[in-house]
$ cat run38.cif   # mmCIF, C-alpha atoms
data_data
#
loop_
_atom_site.label_atom_id
_atom_site.label_comp_id
_atom_site.auth_asym_id
_atom_site.auth_seq_id
_atom_site.Cartn_x
_atom_site.Cartn_y
_atom_site.Cartn_z
CA MET I 17 -63.51 -2.44 59.10
CA PRO I 18 -67.29 -2.16 58.93
CA ALA I 19 -69.20 -5.40 59.37
CA LEU I 20 -70.68 -5.06 55.89
CA LEU I 21 -67.22 -5.09 54.28
CA PHE I 22 -66.14 -8.04 56.41
CA TYR I 23 -69.15 -10.09 55.31
CA LEU I 24 -68.61 -9.03 51.69
CA PHE I 25 -64.95 -10.14 51.65
CA ALA I 26 -65.79 -13.31 53.57
CA LEU I 27 -68.51 -14.08 51.03
CA ILE I 28 -66.07 -13.45 48.16
CA THR I 29 -63.48 -15.75 49.75
CA LEU I 30 -65.94 -18.57 50.47
CA GLY I 31 -67.88 -18.21 47.21
CA PHE I 32 -64.83 -18.36 44.98
CA GLY I 33 -63.37 -21.12 47.18
CA LEU I 34 -66.50 -23.13 46.48
CA MET I 35 -66.11 -22.38 42.76
CA VAL I 36 -62.59 -23.88 42.90
CA VAL I 37 -64.10 -27.21 43.89
CA LEU I 38 -67.28 -27.13 41.81
CA ALA I 39 -66.02 -25.73 38.49
CA ARG I 40 -65.39 -28.36 35.84
CA ASN I 41 -62.98 -26.24 33.80
CA PRO I 42 -59.52 -26.17 35.44
CA VAL I 43 -58.82 -22.63 34.22
CA THR I 44 -62.02 -21.43 35.89
CA SER I 45 -60.95 -23.20 39.09
CA ALA I 46 -57.53 -21.54 39.00
CA LEU I 47 -58.97 -18.06 38.41
CA SER I 48 -61.53 -18.63 41.18
CA LEU I 49 -58.66 -19.55 43.49
CA ALA I 50 -56.96 -16.25 42.61
CA MET I 51 -60.12 -14.31 43.50
CA SER I 52 -60.40 -16.26 46.75
CA PHE I 53 -56.83 -15.18 47.57
CA VAL I 54 -57.79 -11.54 46.91
CA GLY I 55 -60.73 -11.77 49.34
CA LEU I 56 -58.47 -13.41 51.92
CA ALA I 57 -55.89 -10.64 51.49
CA ALA I 58 -58.59 -8.05 52.15
CA LEU I 59 -59.51 -9.86 55.37
CA PHE I 60 -55.86 -9.88 56.47
CA ILE I 61 -55.56 -6.16 55.74
CA SER I 62 -58.71 -5.52 57.78
CA LEU I 63 -56.91 -7.15 60.73
CA ASP I 64 -53.99 -4.70 60.29
CA ALA I 65 -51.78 -7.52 58.99
CA PHE I 66 -50.65 -5.45 56.02
CA PHE I 67 -47.54 -7.51 55.29
CA ILE I 68 -49.41 -10.82 55.14
CA GLY I 69 -52.16 -9.24 53.02
CA THR I 70 -49.61 -7.86 50.58
CA ILE I 71 -47.76 -11.17 50.40
CA GLN I 72 -51.10 -12.91 49.80
CA ILE I 73 -51.57 -10.80 46.68
CA LEU I 74 -47.97 -10.78 45.43
CA VAL I 75 -46.99 -14.37 46.13
CA TYR I 76 -50.20 -16.41 46.05
CA ALA I 77 -52.50 -14.48 43.72
CA GLY I 78 -49.53 -13.46 41.59
CA ALA I 79 -46.67 -15.93 41.34
CA VAL I 80 -48.30 -19.18 42.45
CA MET I 81 -51.41 -18.62 40.35
CA VAL I 82 -49.30 -17.84 37.30
CA LEU I 83 -47.48 -21.11 37.94
CA PHE I 84 -50.79 -22.99 38.24
CA LEU I 85 -52.14 -21.47 35.04
CA PHE I 86 -48.87 -22.18 33.24
CA ILE I 87 -49.04 -25.85 34.26
CA ILE I 88 -52.72 -26.10 33.28
CA MET I 89 -52.05 -24.59 29.87
CA LEU I 90 -48.97 -26.78 29.42
CA LEU I 91 -50.96 -29.94 30.11
CA ASP I 92 -53.73 -28.82 27.71
CA ILE I 93 -56.48 -30.16 29.96
CA LYS I 94 -59.83 -30.39 28.19
CA ALA I 95 -63.15 -29.45 29.78
CA GLU I 96 -64.71 -32.37 31.61
CA SER I 97 -68.14 -32.20 30.04
CA ASP I 98 -68.61 -35.97 29.58
CA ARG I 99 -67.43 -36.98 33.04
CA LYS I 100 -69.93 -38.91 35.17
CA THR I 101 -70.66 -38.08 38.78
CA ASN I 102 -68.67 -40.16 41.25
CA ILE I 103 -71.05 -41.02 44.11
CA GLY I 104 -68.27 -42.46 46.28
CA ALA I 105 -66.30 -39.23 46.11
CA ILE I 106 -69.37 -37.17 47.02
CA VAL I 107 -70.19 -39.40 50.01
CA GLY I 108 -66.55 -39.28 51.15
CA ALA I 109 -66.51 -35.49 50.87
CA ILE I 110 -69.70 -35.19 52.92
CA VAL I 111 -68.32 -37.50 55.63
CA LEU I 112 -64.98 -35.65 55.80
CA GLY I 113 -66.76 -32.29 55.81
CA SER I 114 -68.98 -33.44 58.68
CA VAL I 115 -65.96 -34.64 60.68
CA LEU I 116 -64.21 -31.29 60.08
CA ALA I 117 -67.33 -29.36 61.16
CA LEU I 118 -67.57 -31.51 64.30
CA GLN I 119 -63.90 -30.83 65.14
CA VAL I 120 -64.33 -27.07 64.62
CA ALA I 121 -67.45 -27.07 66.82
CA THR I 122 -65.67 -29.05 69.56
CA VAL I 123 -62.64 -26.75 69.60
CA SER I 124 -64.84 -23.64 69.48
CA ALA I 125 -66.92 -24.87 72.41
CA ALA I 126 -63.80 -25.51 74.50
CA HIS I 127 -62.44 -21.96 74.12
CA HIS I 128 -64.28 -19.00 75.57
CA THR I 129 -62.49 -16.20 73.74
CA ALA I 130 -65.68 -14.63 72.39
CA ASP I 131 -65.97 -12.48 75.53
CA LEU I 132 -62.59 -10.86 74.91
CA THR I 133 -62.23 -7.71 72.87
CA VAL I 134 -59.16 -6.36 71.10
CA LYS I 135 -58.64 -3.87 73.94
CA ASP I 136 -58.66 -6.69 76.51
CA ALA I 137 -56.08 -8.69 74.54
CA ALA I 138 -53.83 -5.80 73.52
CA LEU I 139 -50.17 -6.52 72.82
CA ASN I 140 -47.67 -5.27 75.37
CA LEU I 141 -44.91 -4.44 72.92
CA VAL I 142 -42.62 -2.82 75.47
CA ALA I 143 -42.63 -5.92 77.69
CA ALA I 144 -42.06 -8.12 74.63
CA GLY I 145 -39.07 -5.97 73.64
CA ASP I 146 -37.59 -6.21 77.15
CA GLN I 147 -38.06 -9.99 77.12
CA MET I 148 -36.36 -10.34 73.72
CA ALA I 149 -33.46 -8.18 74.86
CA ALA I 150 -33.11 -10.20 78.08
CA ASN I 151 -33.19 -13.57 76.28
CA LYS I 152 -30.75 -12.50 73.54
CA GLU I 153 -32.25 -15.17 71.27
CA THR I 154 -32.32 -13.07 68.15
CA ASP I 155 -29.56 -11.89 65.87
CA LEU I 156 -31.60 -8.85 64.93
CA PRO I 157 -31.46 -6.23 67.70
CA THR I 158 -33.69 -3.94 65.66
CA ILE I 159 -36.70 -6.13 66.50
CA SER I 160 -36.31 -5.58 70.24
CA LYS I 161 -35.72 -1.85 69.63
CA ASP I 162 -38.90 -1.60 67.59
CA LEU I 163 -40.87 -3.48 70.23
CA LYS I 164 -39.53 -1.21 72.99
CA ALA I 165 -40.59 1.80 70.93
CA GLY I 166 -44.12 0.37 70.73
CA ILE I 167 -43.90 -0.56 67.03
CA LEU I 168 -44.85 -4.04 65.89
CA PRO I 169 -42.27 -5.00 63.23
CA ASP I 170 -44.43 -7.63 61.56
CA THR I 171 -42.21 -7.90 58.47
CA LYS I 172 -39.08 -8.49 60.57
CA LEU I 173 -40.85 -10.98 62.83
CA MET I 174 -42.26 -12.88 59.85
CA GLY I 175 -38.85 -12.99 58.18
CA LEU I 176 -37.18 -14.13 61.40
CA ALA I 177 -39.73 -16.91 61.94
CA LEU I 178 -39.69 -17.94 58.28
CA PHE I 179 -35.95 -18.12 57.72
CA LYS I 180 -34.69 -18.99 61.21
CA GLN I 181 -37.31 -21.43 62.53
CA TYR I 182 -38.80 -22.71 59.26
CA GLY I 183 -35.91 -22.36 56.82
CA PHE I 184 -35.83 -26.09 56.05
CA HIS I 185 -39.59 -26.20 55.47
CA LEU I 186 -39.34 -23.24 53.10
CA GLN I 187 -36.65 -25.00 51.08
CA VAL I 188 -38.71 -28.19 50.93
CA MET I 189 -41.71 -26.23 49.60
CA GLY I 190 -39.54 -24.64 46.92
CA LEU I 191 -38.18 -28.05 45.98
CA LEU I 192 -41.71 -29.51 45.73
CA LEU I 193 -42.81 -26.67 43.45
CA MET I 194 -39.77 -27.22 41.23
CA VAL I 195 -40.31 -30.98 41.09
CA GLY I 196 -43.97 -30.44 40.18
CA THR I 197 -43.06 -28.04 37.38
CA VAL I 198 -40.37 -30.37 36.00
CA GLY I 199 -42.83 -33.29 36.20
CA VAL I 200 -45.43 -31.37 34.18
CA VAL I 201 -42.86 -30.51 31.51
CA VAL I 202 -41.74 -34.15 31.28
CA LEU I 203 -45.34 -35.40 31.08
CA SER I 204 -46.27 -32.90 28.39
CA LYS I 205 -43.23 -33.78 26.28
CA ARG I 206 -44.01 -37.50 26.61
CA ASP I 207 -47.64 -36.96 25.53
CA LYS I 208 -46.50 -35.02 22.45
CA GLU I 209 -44.03 -37.77 21.50
CA VAL I 210 -46.73 -40.45 21.87
CA ALA I 211 -49.11 -38.41 19.70
CA ARG I 212 -46.54 -38.37 16.87
#

$ encode --input "run38.cif" --output "structure tokens"
Amino acid sequence: MPALLFYLFALITLGFGLMVVLARNPVTSALSLAMSFVGLAALFISLDAFFIGTIQILVYAGAVMVLFLFIIMLLDIKAESDRKTNIGAIVGAIVLGSVLALQVATVSAAHHTADLTVKDAALNLVAAGDQMAANKETDLPTISKDLKAGILPDTKLMGLALFKQYGFHLQVMGLLLMVGTVGVVVLSKRDKEVAR
């Protein structure tokens, strides 16, 4: 990917991410988040992570954003035009942002990976396939066959990691989304009953 496109997509991602925080209208924040996901997907695709980029569009910019917008519309949140500025929240955000920037700078200074190029850190897929076949840790022999053939089966590896190592975490996330949706429905019904 040309450097100009990288900076363009990075600017889109960061700009719309900033709009998520600064916009007063929740619908504007949600749509800005969707555009930030699109810029992030383009960055993933530029790194040849096509599966993650596609999932970023289908799952996050598609399904999750529809869920967010559905919840926002269900709650009937009004624009916050009369809200006063909370100085404590702004000071807290600046302090936390400074701490995060300090941590990123400390970790970046400790690692000297800037001298490496992609050619220096190339994946040895054949050796990885031999190691997987020797360990016999996977139930999917097609992954080791693909690796031996020099093909990186990113979809299979992602699925294996997601459902074998993080299956419980995935179910907890689904449960949290369901509980949040049910909570919004209950709150909206209660508000309508109180209004009557």

$ residues_near_point --input "run38.cif" --point "(-53.4, -10.7, 56.7)" --cutoff "12 Å" --atoms "only C-alpha atoms" --output "list in words"
Phe53, Val54, Gly55, Leu56, Ala57, Ala58, Leu59, Phe60, Ile61, Ser62, Leu63, Asp64, Ala65, Phe66, Phe67, Ile68, Gly69, Thr70, Ile71, Gln72, Ile73, Asp170, Thr171 and Met174 of chain I

$ atom_distance --input "run38.cif" --atom1 "atom CA of I:Leu112" --atom2 "atom CA of I:His185"
27.1 Å

$ resolve_selection --input "run38.cif" --expression "the PyMOL selection byres ((chain I and resi 50) around 10)" --output "PyMOL selection string"
chain I and resi 29+32-33+36+44-49+51-56+72-73+76-78+80-82

$ atom_distance --input "run38.cif" --atom1 "atom CA of I:Met35" --atom2 "atom CA of I:Leu186"
28.7 Å

$ closest_residue --input "run38.cif" --among "I:Leu85, I:Val188, I:Ile159, I:Leu173" --to "I:Val200" --atoms "all atoms listed in the file"
I:Leu85

$ atom_distance --input "run38.cif" --atom1 "atom CA of I:Leu193" --atom2 "atom CA of I:Leu83"
9.1 Å

$ residues_around --input "run38.cif" --residues "stretch 100-111 of chain I" --least-positions-apart "6" --cutoff "12 Å" --atoms "only C-alpha atoms" --output "number ranges by chain"
I: 37-38, 40, 117-118

$ resolve_selection --input "run38.cif" --expression "the PyMOL selection byres ((chain I and resi 87) around 10)" --output "list in words"
Met81, Val82, Leu83, Phe84, Leu85, Phe86, Ile88, Met89, Leu90, Leu91, Asp92, Ile93, Gly196, Thr197, Val198, Gly199, Val200, Val201 and Ser204 of chain I

$ write_last_selection --input "run38.cif" --atoms "C-alpha atoms" --output "compact mmCIF listing (two decimals), keeping the file's coordinate frame"
# COMPACT_ATOMS: atom_id res chain seq x y z
CA MET I 81 -51.41 -18.62 40.35
CA VAL I 82 -49.30 -17.84 37.30
CA LEU I 83 -47.48 -21.11 37.94
CA PHE I 84 -50.79 -22.99 38.24
CA LEU I 85 -52.14 -21.47 35.04
CA PHE I 86 -48.87 -22.18 33.24
CA ILE I 88 -52.72 -26.10 33.28
CA MET I 89 -52.05 -24.59 29.87
CA LEU I 90 -48.97 -26.78 29.42
CA LEU I 91 -50.96 -29.94 30.11
CA ASP I 92 -53.73 -28.82 27.71
CA ILE I 93 -56.48 -30.16 29.96
CA GLY I 196 -43.97 -30.44 40.18
CA THR I 197 -43.06 -28.04 37.38
CA VAL I 198 -40.37 -30.37 36.00
CA GLY I 199 -42.83 -33.29 36.20
CA VAL I 200 -45.43 -31.37 34.18
CA VAL I 201 -42.86 -30.51 31.51
CA SER I 204 -46.27 -32.90 28.39
